[in-house]
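Read the structure below first, then the notes.
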Amino acid sequence: MNAFNQAILKRRSRYELSRETTMTDSELQARLAETLKHMPSPYHAQHQRMVLLLGEKHDALWDIVLATLKKRITPEKFKKTKEKIAGFKHAYGTVLFFDDWPTIEALQAKFPKAKEKWELWANQSQGMAQFAVWTMLADAGLGASLQHYNPIIDDEVEATFKVPKGWRLAAQMPFGKPTGSPKDKTFKPIEERFLIRK
């Protein structure tokens, strides 16, 4: 098995994370930037955006999520939710994924016949960016998971972290050094999912 496939196999949802990392912040920043730079996008739109949150900024994100959810769920459910969010906050950092919507709208106007397809194309290329970052982190010995507390946190995230207008939040990825093993998972027969025609 080659190194690329080995890296893919390392990518799992990891929830037991510590405030440790396997690389310096500058190395992390450089690897994230390089990964983002080379992500495919329709018409080479380069609409994917990322914000790296570390230290107090990382903590602030999960405080926002917790406070937002507290207003929306029952006290009985909140106890379990609080524990879950505490786990994300206990990680080393968080990558926020965004789409720059003005870039997408400009291309919708330029290519009106494809306007209806842009939401799908944006989601596809956003997914590639998330997968690439997640796999890069796993290959570096870090665990992560993908969370979606948007859009209920969007306004506060934009204000707190000075996110440019027009950036639409797509996902949140807390990461850190894993402290436990991933859960076992089962797979459907690959023959049901992968067909070959000659």
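Chain labels A, B, ... are given in the sequence in which chains occur in the structure tokens; within each chain residues are numbered consecutively from 1, and ligands are likewise numbered from 1 in the order shown.
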Close residues, Phe97 (chain A) itself excluded, 12 Å, only C-alpha atoms, min 3 positions apart in chain, as a ChimeraX atom specification: /A:32,36,47-53,94,100,123,125-131,133-134,146-150,154,157,163,167-174
Keeping only N, CA and C atoms, write those residues as a compact mmCIF listing (two decimals), in the first residue's frame.
# COMPACT_ATOMS: atom_id res chain seq x y z
N LEU A 32 -1.32 23.77 6.28
CA LEU A 32 -2.71 24.11 5.97
C LEU A 32 -2.77 25.02 4.75
N LEU A 36 -4.63 24.13 1.22
CA LEU A 36 -5.69 24.98 0.68
C LEU A 36 -5.34 25.50 -0.71
N HIS A 47 -12.60 29.36 -4.16
CA HIS A 47 -13.55 29.96 -3.22
C HIS A 47 -13.44 29.43 -1.81
N GLN A 48 -12.70 28.31 -1.61
CA GLN A 48 -12.58 27.76 -0.26
C GLN A 48 -11.71 28.69 0.60
N ARG A 49 -12.13 28.86 1.85
CA ARG A 49 -11.40 29.69 2.80
C ARG A 49 -11.26 28.92 4.11
N MET A 50 -10.21 29.24 4.87
CA MET A 50 -10.01 28.61 6.17
C MET A 50 -9.57 29.66 7.19
N VAL A 51 -9.92 29.43 8.43
CA VAL A 51 -9.42 30.22 9.55
C VAL A 51 -8.91 29.22 10.58
N LEU A 52 -7.67 29.39 11.01
CA LEU A 52 -7.07 28.53 12.02
C LEU A 52 -7.20 29.21 13.38
N LEU A 53 -7.84 28.53 14.32
CA LEU A 53 -8.02 29.06 15.67
C LEU A 53 -7.15 28.28 16.64
N THR A 94 -8.76 24.50 16.22
CA THR A 94 -9.89 24.25 15.32
C THR A 94 -9.62 24.92 13.98
N ASP A 100 -16.21 31.56 0.07
CA ASP A 100 -16.32 32.98 -0.24
C ASP A 100 -17.46 33.16 -1.24
N ASN A 123 -20.16 22.75 -2.73
CA ASN A 123 -20.15 21.71 -1.69
C ASN A 123 -19.14 20.62 -2.00
N SER A 125 -16.31 20.85 -3.82
CA SER A 125 -14.93 21.31 -3.62
C SER A 125 -14.64 21.62 -2.16
N GLN A 126 -15.67 22.05 -1.41
CA GLN A 126 -15.50 22.25 0.03
C GLN A 126 -15.20 20.91 0.71
N GLY A 127 -15.93 19.87 0.29
CA GLY A 127 -15.68 18.54 0.84
C GLY A 127 -14.28 18.05 0.56
N MET A 128 -13.77 18.35 -0.62
CA MET A 128 -12.39 17.96 -0.94
C MET A 128 -11.39 18.66 -0.03
N ALA A 129 -11.63 19.94 0.24
CA ALA A 129 -10.74 20.68 1.13
C ALA A 129 -10.76 20.10 2.53
N GLN A 130 -11.96 19.79 3.02
CA GLN A 130 -12.08 19.24 4.37
C GLN A 130 -11.40 17.87 4.47
N PHE A 131 -11.62 17.03 3.46
CA PHE A 131 -10.99 15.72 3.45
C PHE A 131 -9.47 15.83 3.39
N VAL A 133 -7.51 18.33 4.38
CA VAL A 133 -6.97 18.82 5.65
C VAL A 133 -7.04 17.73 6.71
N TRP A 134 -8.16 17.04 6.78
CA TRP A 134 -8.35 15.98 7.77
C TRP A 134 -7.30 14.88 7.58
N LEU A 146 -15.23 16.31 12.22
CA LEU A 146 -15.87 17.39 11.45
C LEU A 146 -17.22 17.70 12.08
N GLN A 147 -17.40 18.98 12.45
CA GLN A 147 -18.62 19.42 13.13
C GLN A 147 -19.34 20.48 12.30
N HIS A 148 -20.66 20.61 12.54
CA HIS A 148 -21.48 21.55 11.76
C HIS A 148 -22.45 22.27 12.70
N TYR A 149 -21.96 23.29 13.38
CA TYR A 149 -22.83 24.10 14.23
C TYR A 149 -23.29 25.37 13.52
N ASN A 150 -22.90 25.50 12.28
CA ASN A 150 -23.42 26.56 11.43
C ASN A 150 -24.81 26.14 10.95
N ASP A 154 -23.04 31.52 13.03
CA ASP A 154 -22.36 32.28 11.98
C ASP A 154 -22.12 33.75 12.34
N VAL A 157 -19.50 34.15 15.10
CA VAL A 157 -18.18 33.76 14.59
C VAL A 157 -17.61 34.88 13.73
N VAL A 163 -14.13 37.80 10.56
CA VAL A 163 -14.20 37.09 9.29
C VAL A 163 -14.74 38.05 8.22
N TRP A 167 -17.96 35.55 3.58
CA TRP A 167 -17.46 34.21 3.86
C TRP A 167 -18.57 33.45 4.58
N ARG A 168 -19.00 32.33 4.01
CA ARG A 168 -20.08 31.54 4.59
C ARG A 168 -19.48 30.30 5.28
N LEU A 169 -19.75 30.15 6.57
CA LEU A 169 -19.20 29.05 7.35
C LEU A 169 -19.77 27.72 6.88
N ALA A 170 -18.87 26.75 6.65
CA ALA A 170 -19.28 25.43 6.16
C ALA A 170 -19.10 24.33 7.20
N ALA A 171 -18.04 24.41 8.02
CA ALA A 171 -17.78 23.33 8.99
C ALA A 171 -16.71 23.77 9.97
N GLN A 172 -16.62 23.01 11.07
CA GLN A 172 -15.62 23.25 12.09
C GLN A 172 -14.88 21.94 12.36
N MET A 173 -13.55 21.99 12.43
CA MET A 173 -12.76 20.78 12.62
C MET A 173 -11.82 20.93 13.82
N PRO A 174 -12.25 20.49 15.02
CA PRO A 174 -11.35 20.50 16.17
C PRO A 174 -10.30 19.40 16.00
query: Which parts of region 31-178 of chain A does DSSP call alpha helix (DSSP H) when run on the backbone here, written out as an MDAnalysis selection string?
result: chainID A and resid 31:37 55:70 75:89 101:110 118:139 154:160
query: Among region 36-183 of chain A, which ones does DSSP place in strand (DSSP E), written as a PyMOL selection string?
result: chain A and resi 48-54+93-100+143-144+167-178
Could you save the residues just selected, with N, CA and C atoms, as a compact mmCIF listing (two decimals), in the first residue's frame?
# COMPACT_ATOMS: atom_id res chain seq x y z
N GLN A 48 -12.70 28.31 -1.61
CA GLN A 48 -12.58 27.76 -0.26
C GLN A 48 -11.71 28.69 0.60
N ARG A 49 -12.13 28.86 1.85
CA ARG A 49 -11.40 29.69 2.80
C ARG A 49 -11.26 28.92 4.11
N MET A 50 -10.21 29.24 4.87
CA MET A 50 -10.01 28.61 6.17
C MET A 50 -9.57 29.66 7.19
N VAL A 51 -9.92 29.43 8.43
CA VAL A 51 -9.42 30.22 9.55
C VAL A 51 -8.91 29.22 10.58
N LEU A 52 -7.67 29.39 11.01
CA LEU A 52 -7.07 28.53 12.02
C LEU A 52 -7.20 29.21 13.38
N LEU A 53 -7.84 28.53 14.32
CA LEU A 53 -8.02 29.06 15.67
C LEU A 53 -7.15 28.28 16.64
N LEU A 54 -6.33 28.99 17.39
CA LEU A 54 -5.46 28.38 18.38
C LEU A 54 -5.60 29.13 19.71
N GLY A 93 -6.66 22.83 18.70
CA GLY A 93 -7.11 23.96 17.88
C GLY A 93 -8.29 23.57 17.03
N THR A 94 -8.76 24.50 16.22
CA THR A 94 -9.89 24.25 15.32
C THR A 94 -9.62 24.92 13.98
N VAL A 95 -9.93 24.20 12.93
CA VAL A 95 -9.93 24.80 11.58
C VAL A 95 -11.38 25.10 11.22
N LEU A 96 -11.65 26.34 10.87
CA LEU A 96 -12.95 26.74 10.36
C LEU A 96 -12.89 26.76 8.84
N PHE A 97 -13.88 26.14 8.20
CA PHE A 97 -13.95 26.10 6.74
C PHE A 97 -15.07 27.03 6.27
N PHE A 98 -14.77 27.83 5.25
CA PHE A 98 -15.72 28.78 4.70
C PHE A 98 -15.73 28.69 3.17
N ASP A 99 -16.80 29.20 2.58
CA ASP A 99 -16.85 29.49 1.15
C ASP A 99 -16.97 30.99 0.99
N ASP A 100 -16.21 31.56 0.07
CA ASP A 100 -16.32 32.98 -0.24
C ASP A 100 -17.46 33.16 -1.24
N GLY A 143 -5.47 13.85 15.57
CA GLY A 143 -6.83 13.40 15.39
C GLY A 143 -7.75 14.59 15.17
N ALA A 144 -8.89 14.36 14.55
CA ALA A 144 -9.84 15.43 14.27
C ALA A 144 -11.22 14.85 14.05
N TRP A 167 -17.96 35.55 3.58
CA TRP A 167 -17.46 34.21 3.86
C TRP A 167 -18.57 33.45 4.58
N ARG A 168 -19.00 32.33 4.01
CA ARG A 168 -20.08 31.54 4.59
C ARG A 168 -19.48 30.30 5.28
N LEU A 169 -19.75 30.15 6.57
CA LEU A 169 -19.20 29.05 7.35
C LEU A 169 -19.77 27.72 6.88
N ALA A 170 -18.87 26.75 6.65
CA ALA A 170 -19.28 25.43 6.16
C ALA A 170 -19.10 24.33 7.20
N ALA A 171 -18.04 24.41 8.02
CA ALA A 171 -17.78 23.33 8.99
C ALA A 171 -16.71 23.77 9.97
N GLN A 172 -16.62 23.01 11.07
CA GLN A 172 -15.62 23.25 12.09
C GLN A 172 -14.88 21.94 12.36
N MET A 173 -13.55 21.99 12.43
CA MET A 173 -12.76 20.78 12.62
C MET A 173 -11.82 20.93 13.82
N PRO A 174 -12.25 20.49 15.02
CA PRO A 174 -11.35 20.50 16.17
C PRO A 174 -10.30 19.40 16.00
N PHE A 175 -9.06 19.69 16.41
CA PHE A 175 -7.99 18.71 16.23
C PHE A 175 -7.01 18.78 17.40
N GLY A 176 -6.31 17.69 17.60
CA GLY A 176 -5.30 17.61 18.65
C GLY A 176 -4.69 16.22 18.64
N LYS A 177 -3.79 15.98 19.57
CA LYS A 177 -3.16 14.67 19.65
C LYS A 177 -4.16 13.68 20.24
N PRO A 178 -4.40 12.55 19.57
CA PRO A 178 -5.39 11.58 20.07
C PRO A 178 -4.96 10.97 21.39
- request: Considering only C-alpha atoms, state which residue in the set A:Thr179, A:Met136, A:Arg197, A:Leu66 is at the smallest distance from Ala33 (chain A).
  value: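 Comparing A:Thr179, A:Met136, A:Arg197, A:Leu66 against Ala33 (chain A), the winner is A:Met136.
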message: My list of candidates is A:His44, A:Ala7, A:Tyr15, A:Leu61. Which is closest to Pro182 (chain A) when distances are computed with only C-alpha atoms?
response: A:Tyr15
task: Pick out the closest residue to Trp101 (chain A) from this set: A:Lys113, A:Lys165, A:Lys80, A:Lys71. Count only C-alpha atoms.
output: A:Lys165
